[in-house]
Each structure stands twice: as C-alpha cells, then as structure tokens.
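Written out below as structure tokens is the structure these notes cover.
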Amino acid sequence: MPTVRKKKSRAPEALTVKGLGVSSGIAIGPPFILRAALYVPPQRKLTTAEEIEQEVARFHRALEITREQLHQTIQEAKADYGKEYSAILESHFLILEDVEMIRGTLKHIQNSRLDAESALSAVMDKFKHSFLKSNNEYLRERATDIEDVKRRLLGNLSGQQRSFVVEEPSIIVADTIRPSDIAGIDRSRILGFLSEAGGALSHFAIVARSLNIPAVVGIANVTGFIGDHDTLLVDGHSGNVIINPDDRAVREYRRRAEVSRREDAELEPLAELTCETRDRHAVLLTANVELAEEVEAALRYGARGIGLYRTEYMLFSERELPTEEQQYREYLTIAQKMYPYKITMRTFDVGGDKIPLDILASRGYVREDNPFLGWRAIRIALECPEFFMPQVRAILRLSATHPVEIMLPMIVSVDEVRSLKRMIDEARRQLSDEGQAFNPSIPVGIMIETPGAALMADTLARETDFFSIGTNDLVQYTLAADRGNPKVASLYSCFHPGVLQLIRQTIDAANRHKIHVAMCGEMASNPYATVLLVGMGLMEFSALPPRLPKLKKLIRGVDFSYARKLAEQILAMDDLKEIEQTVTRETKRLLGNITDA
Amino acid sequence: MIERKVDVINKAGIHARPAAMLVKTASQYDSEVFLTCEGTEVNAKSIMSVMMLAAAMGSRVHIRVDGPDEEEALVAVAALFESRFNEE
C-alpha cells in the first residue's frame, strides 16, 4: 500500500502518493487513463433489428471461442496439474455454459437493446454482486471466478487489443501497461507512465527507461482515484506522484527537470570521448537494446556496441516461432545500424515473467507455481531444437558480414554449455553443407546469472569465449528476494557482500582464463557501482543508453590503480550499510556537480 | 410437471462439487429443472444460481421438473441427493 499524505492547499486538493520509481525523470501533465485491463467499448443502444441480430451473433461467437480456449486449457491442466486446478477451470466452464447467464444476456440484447458487452457485463455483475453480498465466505471468493469468466468473454467479444487514441501529450495511467499499449501510442505524446502493477524489471519499465520516459509503479487502485481532469506530477526517481500539485511544487519540479536537462547537455560531449581511466585503462561501454528504434539513441549516448540484445520480443508479436529468415532480416536491421560495432545477441530468454503462451503451450508449457525457477531460456532450447536452431542459424549467417556474438542465458552447469555448443556445431555443419557463409570463430559466451554458474565460473570459462554477468537474476537468486515484492524488496541489493563475492569470482575466473567479461544487468547501469566494478576488473558495461555518459564521466575521472584499491577495500567489508556508504561517497565525489541518479 | 421433496443429508451441504454435479445432471435432460429452498427457486441448469441457493441451503429441497423427459430427470437429480453426492 502506498502512503497517502494530504497536503494543505487550495482547491483542487493536492495529494501526494508514493510508489516505486522505475524510470527516472519528471513529468507534469494531464492523465490519460486506461480504465481497465480490458477495453470495453462504451455502452451502445441498438436501434435496428439487424444490429440486434449482429450482437446476438457476436455473443454466440464469443461463447464458442471462449469454450474452445477453456476446453484446451482444461485438457492441459488435467494432464499436468491434477484434479484440483482443473476442477476450478471446470467450474469456469460451467459458468460459461450457465443457461441463466446466456438467457439473461440475450434478453438484455433483444429487449433492452444493449450491445453484447454491456448486456453481458450487466448479467455477470449482478451474479457477482449477489455472491459478494453472501455471508458465506466460500461463495464470496467464487466472485472472482465469475469475474474471470466475464473477462475471458469480454476479451473475445472486443478483442484483446485495447484501442484508444492519445490526442495530447499525457501521462499514461493504467492498472497494467502492456507492451502493446505502448506500441500503439505516438512517443511524443507519452510524458510519463503510472501503473498499479509491474516491478522495476517488468517489460514496460525496461522500455520506459530505454526511451527515457519517467515511470512510477506500485500505486494501488491508481485508475480509481485519479480523474480525467486532474493534473499529475510524476517523479520517476523518488516514486512520488502529486495529484493536482500547487504552483510551488510545479515550480520546484520544473526547476529540477531543468537541472537534469542541463546535466544531459553537459554530459553530451562525453559521447565522443574515449572511455578509459585517467591512467589509460580502457573500458568498453555498450548498450542494452531490444528494439531497432533504440539503436540510434544508444549511438548518440556513445555506445560502442550492444552488450545485450534481447531477442525474445520477436516471440511476443507472433503466434508461432519466427522463421530463420524472419529472424535474419530483423537482426540484420539492427546489425546494420550498429555497424561496425559488435552485437552480443542473447538467445531467446523466455519463461519467468516473459511467457509467449501461444508458442510455449504447444510445446508442453504449463502454468508454473514458481516460474523463475521453472522452464526458462536454454532449458526450453535444449528440449525444443526448433526453438533454438533457427535462431542460431540466423545469427551465424549474420556473422558472415557483421560482428555478432552468441550469448546463452540461464546457465547453471557446464553440461548445458556443452550440449548447446554441440547444437551450435550442428548448425555450423548444416550451413557449411548448404554452402552458406558464416564466421567460423564467432564468439559463444554465457550469462552468469545464477549462483551455480558463478561458483562454477572457473570450469565454465574453459568452455566459453566470454561471460556477461546478469545481475538482476543473480541478486534475486542469491538473496532469495523478489524486488517487486515490497515486503522483501529492501533485501535486494547488488552491493550485498555475498553478491559481490560471486561477481568477483566470475571476473577473476575470466581473467585467469583470458576471456572477456561484461555485465549487462541493472548493476552495470548503476553509477554507484561503476568505479567498484572497474576496480574489480570488469571489461565491459552494457547499460541503459541514457546512463552511458554518466558512467563514462565516472570512469574518465578515476585512476585504475585507485579503483582497484577501492574495490579491495570494499570486498573486505562485511556490512552492507558500510559498503553502500562508501560507494555513495566515492560516486558523489567523482560526479561533482552532476546529480547521482 | 412433477415434483419431489428431498433431504440434504451430505455433511458438507451443497458446495462447488455437488453444485457442479447437479448442473451437469440436470443439463442432460430437455426438461426444465428447478430447485426451491426456503422460498427461493432457481434453475438447476445454472451453476451460479445453484451455488447461490447452496449457500443458503437448509435441510430440505424441493425439486420441480417440467418437460418431455421429466420422469427420468427427476429420478436422476433426486438420486444425487440420496447418494449424498457420493461424498461419504
């Protein structure tokens, strides 16, 4: 729950709400509220017999589609989850076939002349409310089943797409913001994002950061208490949201926004400069990129390559796996824009919180109790060659003309690396047989994002050409804390001495075996960690593009010999607070007049 | 139209599973099947209605069936109550 503090002010009353800032920056403007997760068209009065007939047909069609979907889900659930879960779904089936629900909806369409969505909602809501009013607790809980079926039906009536037009620059407010929502809005009209759901690592938060759009999440019932005519002030750094801020607050935040604009201007010339410490120790700065549109910004901020290219977005726009040819063309577009710099391409990293259901369900995926410990990334690749091989072939073909690397995510054992390398060899053989060109010595590396991999770094280094440390998962798996869960979020820190030890082991193993070592997790974008990581021997930082100039300023301001000593000191500390205080002090000193966030 | 009164003698009363059994059984027949309990009558082919009735269920239920196969339907629905929905 956010803390809500009322401020003394003239009408309309200012209200400050605190959420979690996931993309920094300040936005001031009107809200554009996506009212529900589901788009429901406004109520419509039917006038002609044809219209009524049309709505009846639409309703029947939605029933049929939903029945089909549910049937399939039940079959899958039965096989994999046993009776209990499928019993819940069976009850949904019964709700879907409920004669009173169907009759009631048809009656509303035909007699009250309502559109199918409104008619269905009226009937379902009436049932739901009588369940909720019951003094039987079991029955009250069943109200969610009714809501669930209603949403399934509405989804199939109106389509899953929310369609809307944002006409003036606005702060997008929603309970959940989906990638498809962002894609549908002209960028220049998005001032900021405000949502109830979504953590710092949610897809939309990542996109918001890469597009440099302020975003705050974790505000309960946000669409409920913000009105269309309110003015919002969103501070994506502190997570503060002020509804109807007074003039003083607006002035203050405008001033802060101005300061950060000035800093950007001050940092901009850095993009052209080399990235090395004062004593000439070179460090590579690259960008995390997902969409082709981000490449230009990355280059502008001074990226010398892409250290993490997230390819899995391709799986979310299609119902089936993209073909090798589709992938090749997509990757080529990015590679051309980034040329002559390298691109580290991570093979499909789905599972966890990124589940392309259409594609995975047909391959035996079932809803998991613990998806972050479940069927993810290369675990899918090892079982489903058709998931992995076309991608590897596409990357290999691209390697003939562009500097690209293959990066394998979610490794926990050397055995997995060997198996995947055999698959890559097989792809090489196929391409040779077909007479297709590729770079025979294309670098193949792995992500170090599990404690198991970090502990085995010495062995893994013998099998691979590079490491890239993925800190988001490494921290979460090492400290057993989900940053998105406010109760334990405070446990999540990349400066935890245990995490630092794993990072050190990884970097040291890479150095011993003379392989390249990069970092592509959030820690790489965190200016407080920069000098420490340079001192530990990290060779490449793959970061959010807007962060790159600040990282470069830090690196250019320090001697490598000093950074090494500092790292040694910090690695000897056992107290998280002391570590955090030390890195904060050092970072502030080096950044001078530039703010730290 | 035919009717019969039955006792609810299973220990748990009518919860989700018995409600589902009732709806599934009633839906196999063309006849209309209604259940009445403490003054409320509901359609036995509507899961949401049966569950609402179930919550308020007393010990006695009145079954009313009307239609071409009413005899068979009544026997099948009453048998569920008599067998205590196979719960014990």
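Within each chain, counting starts at residue 1; across the structure tokens, chains are named A, B, ... in the order shown, with ligands numbered 1 upward in that order.
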Within 8 Å of chain B: each chain A residue with its shortest pair, only C-alpha atoms, as a Markdown table:
```
| residue | atom | partner | partner_atom | distance |
| --- | --- | --- | --- | --- |
| A:Ser91 | CA | B:Ala20 | CA | 7.1 |
| A:Leu94 | CA | B:Ile47 | CA | 6.2 |
| A:Ile95 | CA | B:Ile47 | CA | 6.1 |
| A:Glu97 | CA | B:Ser46 | CA | 7.9 |
| A:Asp98 | CA | B:Ser46 | CA | 4.6 |
| A:Val99 | CA | B:Ser46 | CA | 5.4 |
| A:Glu100 | CA | B:Ser46 | CA | 5.7 |
| A:Met101 | CA | B:Ser46 | CA | 7.6 |
| A:Phe127 | CA | B:Met48 | CA | 7.0 |
| A:Ser130 | CA | B:Met52 | CA | 7.8 |
| A:Phe131 | CA | B:Met52 | CA | 6.8 |
| A:Ser134 | CA | B:Ala55 | CA | 7.8 |
| A:Asn136 | CA | B:Ala55 | CA | 6.3 |
| A:Leu139 | CA | B:Ala55 | CA | 7.1 |
```
Would you mind exporting C-alpha atoms of the selected residues as an mmCIF file, in the first residue's frame?
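Contents of out-v8.cif, as written:
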```
data_model
loop_
_atom_site.group_PDB
_atom_site.id
_atom_site.type_symbol
_atom_site.label_atom_id
_atom_site.label_comp_id
_atom_site.auth_asym_id
_atom_site.auth_seq_id
_atom_site.Cartn_x
_atom_site.Cartn_y
_atom_site.Cartn_z
ATOM 1 C CA SER A 91 -16.286 -24.550 -12.694
ATOM 2 C CA LEU A 94 -19.962 -24.373 -16.030
ATOM 3 C CA ILE A 95 -20.243 -20.603 -15.587
ATOM 4 C CA GLU A 97 -22.470 -22.632 -20.034
ATOM 5 C CA ASP A 98 -24.763 -21.177 -17.387
ATOM 6 C CA VAL A 99 -28.206 -21.059 -19.008
ATOM 7 C CA GLU A 100 -29.347 -18.139 -16.870
ATOM 8 C CA MET A 101 -26.294 -16.141 -17.855
ATOM 9 C CA PHE A 127 -24.435 -12.533 -10.193
ATOM 10 C CA SER A 130 -25.082 -11.379 -5.043
ATOM 11 C CA PHE A 131 -22.094 -13.683 -4.452
ATOM 12 C CA SER A 134 -23.385 -13.548 0.705
ATOM 13 C CA ASN A 136 -20.786 -17.457 3.090
ATOM 14 C CA LEU A 139 -19.231 -18.089 -2.071
#
```
Close residues, Tyr29 in chain B itself excluded, 8 Å, only C-alpha atoms, min 6 positions apart in chain, as a ChimeraX atom specification = /B:69-70,73
Write to file, as a short mmCIF file (atom, residue, chain, number, x, y, z; two decimals), in the first residue's frame, the residues of the selection just made, with N, CA and C atoms.
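Resulting contents of again.cif:
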```cif
data_model
loop_
_atom_site.label_atom_id
_atom_site.label_comp_id
_atom_site.auth_asym_id
_atom_site.auth_seq_id
_atom_site.Cartn_x
_atom_site.Cartn_y
_atom_site.Cartn_z
N ASP B 69 -38.92 -35.21 -20.79
CA ASP B 69 -38.26 -36.32 -20.10
C ASP B 69 -38.22 -36.09 -18.60
N GLU B 70 -39.31 -35.52 -18.08
CA GLU B 70 -39.31 -35.10 -16.68
C GLU B 70 -39.15 -36.26 -15.71
N ALA B 73 -35.47 -37.21 -15.54
CA ALA B 73 -34.70 -36.12 -14.96
C ALA B 73 -34.89 -36.07 -13.45
#
```
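The space separating CA of Asp369 in chain A from CA of Pro18 in chain B comes to 27.8 Å.
Taking CA of Leu284 in chain A and CA of Arg304 in chain A as endpoints, the distance between them is 7.1 Å.
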Practice item. Step one, run DSSP on the backbone; step two, keep only residues of range 315-514 of chain A assigned to helix (DSSP H, G or I); then write them as a ChimeraX atom specification. Key: /A:315,324-338,357-361,371-373,377-383,385-399,414-434,451-455,457-463,471-479,489-491,497-512
Item to complete: Enumerate as a PyMOL selection string all residues of range 355-499 of chain A assigned to strand (DSSP E) by DSSP on the backbone, naming them with the chain letters and numbers the document uses.
Response: chain A and resi 404-408+444-448+466-469
Write the residues you've just listed into a file as a CSV table (one decimal), in the first residue's frame, and include C-alpha atoms for each of them.
```csv
chain,number,residue,atom,x,y,z
A,404,VAL,CA,27.9,-10.6,-33.7
A,405,GLU,CA,28.3,-12.9,-30.8
A,406,ILE,CA,26.0,-15.7,-29.3
A,407,MET,CA,25.1,-15.4,-25.7
A,408,LEU,CA,23.4,-18.2,-23.8
A,444,VAL,CA,30.0,-18.0,-28.0
A,445,GLY,CA,29.5,-16.8,-24.4
A,446,ILE,CA,27.2,-17.3,-21.5
A,447,MET,CA,25.3,-15.2,-19.0
A,448,ILE,CA,26.4,-15.6,-15.4
A,466,PHE,CA,33.1,-14.6,-22.8
A,467,PHE,CA,31.0,-14.1,-19.7
A,468,SER,CA,28.3,-11.5,-19.2
A,469,ILE,CA,27.0,-11.1,-15.6
```
Would you list the contacts of Leu474 in chain A as a list in words, taking every protein, DNA or RNA residue within 9 Å and counting only C-alpha atoms, but skipping same-chain residues closer than 6 positions in sequence?
Ile448, Glu449, Thr450, Pro451, Ala454, Cys494, Val499, Leu502 and Gly521 of chain A
Contact residues around Thr223 in chain A with only C-alpha atoms at 12 Å, ignoring same-chain residues under 4 positions, as a PyMOL selection string: chain A and resi 31-37+172-177+194-197+218-219+227-228+230
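With CA of Leu22 in chain B on one side and CA of Val6 in chain B on the other, the separation reads 13.4 Å.
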Please provide the set of residues having any atom within 7 Å of range 31-38 of chain B, restricted to only C-alpha atoms, with same-chain residues fewer than 6 positions apart removed, written as a PDB file with N, CA and C atoms, in the first residue's frame.
```
ATOM      1  N   ALA B  44     -31.906 -25.250 -12.097  1.00  0.00           N
ATOM      2  CA  ALA B  44     -30.869 -26.223 -11.730  1.00  0.00           C
ATOM      3  C   ALA B  44     -29.813 -26.372 -12.822  1.00  0.00           C
ATOM      4  N   MET B  57     -28.625 -23.042   1.776  1.00  0.00           N
ATOM      5  CA  MET B  57     -29.336 -24.313   1.795  1.00  0.00           C
ATOM      6  C   MET B  57     -29.697 -24.797   3.191  1.00  0.00           C
ATOM      7  N   GLY B  58     -30.969 -25.092   3.347  1.00  0.00           N
ATOM      8  CA  GLY B  58     -31.397 -25.704   4.601  1.00  0.00           C
ATOM      9  C   GLY B  58     -31.345 -27.203   4.444  1.00  0.00           C
ATOM     10  N   ARG B  60     -33.957 -29.137   3.533  1.00  0.00           N
ATOM     11  CA  ARG B  60     -34.960 -29.692   2.641  1.00  0.00           C
ATOM     12  C   ARG B  60     -34.976 -28.944   1.310  1.00  0.00           C
ATOM     13  N   VAL B  61     -34.968 -29.691   0.204  1.00  0.00           N
ATOM     14  CA  VAL B  61     -35.004 -29.063  -1.114  1.00  0.00           C
ATOM     15  C   VAL B  61     -36.183 -29.612  -1.904  1.00  0.00           C
ATOM     16  N   HIS B  62     -36.827 -28.717  -2.615  1.00  0.00           N
ATOM     17  CA  HIS B  62     -37.982 -29.080  -3.416  1.00  0.00           C
ATOM     18  C   HIS B  62     -37.542 -29.110  -4.888  1.00  0.00           C
ATOM     19  N   ILE B  63     -37.685 -30.271  -5.534  1.00  0.00           N
ATOM     20  CA  ILE B  63     -37.291 -30.372  -6.948  1.00  0.00           C
ATOM     21  C   ILE B  63     -38.545 -30.321  -7.805  1.00  0.00           C
ATOM     22  N   ARG B  64     -38.522 -29.478  -8.826  1.00  0.00           N
ATOM     23  CA  ARG B  64     -39.671 -29.395  -9.727  1.00  0.00           C
ATOM     24  C   ARG B  64     -39.157 -29.570 -11.157  1.00  0.00           C
ATOM     25  N   VAL B  65     -39.742 -30.504 -11.900  1.00  0.00           N
ATOM     26  CA  VAL B  65     -39.269 -30.775 -13.260  1.00  0.00           C
ATOM     27  C   VAL B  65     -40.440 -30.676 -14.225  1.00  0.00           C
ATOM     28  N   ASP B  66     -40.190 -30.053 -15.363  1.00  0.00           N
ATOM     29  CA  ASP B  66     -41.273 -29.870 -16.327  1.00  0.00           C
ATOM     30  C   ASP B  66     -40.724 -30.067 -17.739  1.00  0.00           C
ATOM     31  N   GLY B  67     -41.262 -31.090 -18.460  1.00  0.00           N
ATOM     32  CA  GLY B  67     -40.782 -31.271 -19.830  1.00  0.00           C
ATOM     33  C   GLY B  67     -40.958 -32.695 -20.303  1.00  0.00           C
ATOM     34  N   PRO B  68     -40.502 -32.981 -21.517  1.00  0.00           N
ATOM     35  CA  PRO B  68     -40.746 -34.280 -22.149  1.00  0.00           C
ATOM     36  C   PRO B  68     -40.104 -35.455 -21.399  1.00  0.00           C
ATOM     37  N   ASP B  69     -38.923 -35.209 -20.791  1.00  0.00           N
ATOM     38  CA  ASP B  69     -38.256 -36.316 -20.105  1.00  0.00           C
ATOM     39  C   ASP B  69     -38.216 -36.088 -18.595  1.00  0.00           C
ATOM     40  N   GLU B  70     -39.312 -35.516 -18.081  1.00  0.00           N
ATOM     41  CA  GLU B  70     -39.313 -35.101 -16.677  1.00  0.00           C
ATOM     42  C   GLU B  70     -39.145 -36.262 -15.706  1.00  0.00           C
TER      43      GLU B  70
END
```
inquiry  = Can you tell me which residues surround Asp349 in chain A at a distance of at most 7 Å, considering only C-alpha atoms, apart from same-chain residues fewer than 5 positions away, and format the answer as a ChimeraX atom specification?
reply    = /A:312,376-377,409
Store the residues picked out above in a file with N, CA and C atoms, as a compact mmCIF listing (two decimals), in the first residue's frame.
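Saved file part_19.txt follows:
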```
# COMPACT_ATOMS: atom_id res chain seq x y z
N GLU A 312 13.93 -11.81 -27.48
CA GLU A 312 12.66 -12.50 -27.27
C GLU A 312 11.42 -11.69 -27.62
N ARG A 376 12.78 -22.19 -18.32
CA ARG A 376 13.17 -20.90 -18.85
C ARG A 376 14.30 -21.04 -19.86
N ALA A 377 14.35 -20.06 -20.75
CA ALA A 377 15.52 -19.81 -21.59
C ALA A 377 16.10 -21.09 -22.20
N PRO A 409 21.65 -17.64 -22.17
CA PRO A 409 21.18 -17.22 -20.85
C PRO A 409 20.82 -18.39 -19.92
```
request  = Within 10 Å of range 573-587 of chain A, counting only C-alpha atoms, which residues show up once you throw out same-chain ones fewer than 4 positions away? Write them as a PyMOL selection string, please.
outcome  = chain A and resi 493-498+527-532+554+566-569+591-592+595-596
Please save C-alpha atoms of the selected residues as a short mmCIF file (atom, residue, chain, number, x, y, z; two decimals), in the first residue's frame.
```
data_model
loop_
_atom_site.label_atom_id
_atom_site.label_comp_id
_atom_site.auth_asym_id
_atom_site.auth_seq_id
_atom_site.Cartn_x
_atom_site.Cartn_y
_atom_site.Cartn_z
CA SER A 493 20.84 -5.12 -3.11
CA CYS A 494 23.58 -5.67 -5.65
CA PHE A 495 26.04 -4.44 -3.01
CA HIS A 496 25.34 -7.34 -0.68
CA PRO A 497 28.77 -8.81 0.17
CA GLY A 498 27.65 -12.26 -0.99
CA PRO A 527 26.62 4.79 -11.28
CA TYR A 528 27.26 3.85 -7.64
CA ALA A 529 28.71 0.53 -8.79
CA THR A 530 30.83 1.79 -11.69
CA VAL A 531 34.16 2.52 -10.03
CA LEU A 532 33.90 -0.58 -7.86
CA LEU A 554 32.96 8.36 -13.66
CA LEU A 566 38.87 0.87 -3.52
CA ALA A 567 37.48 -2.47 -4.75
CA GLU A 568 39.83 -4.36 -2.46
CA GLN A 569 38.68 -2.28 0.50
CA LEU A 591 30.42 13.22 -10.23
CA GLY A 592 30.91 16.67 -8.73
CA THR A 595 23.45 14.58 -9.57
CA ASP A 596 23.84 10.92 -8.83
#
```
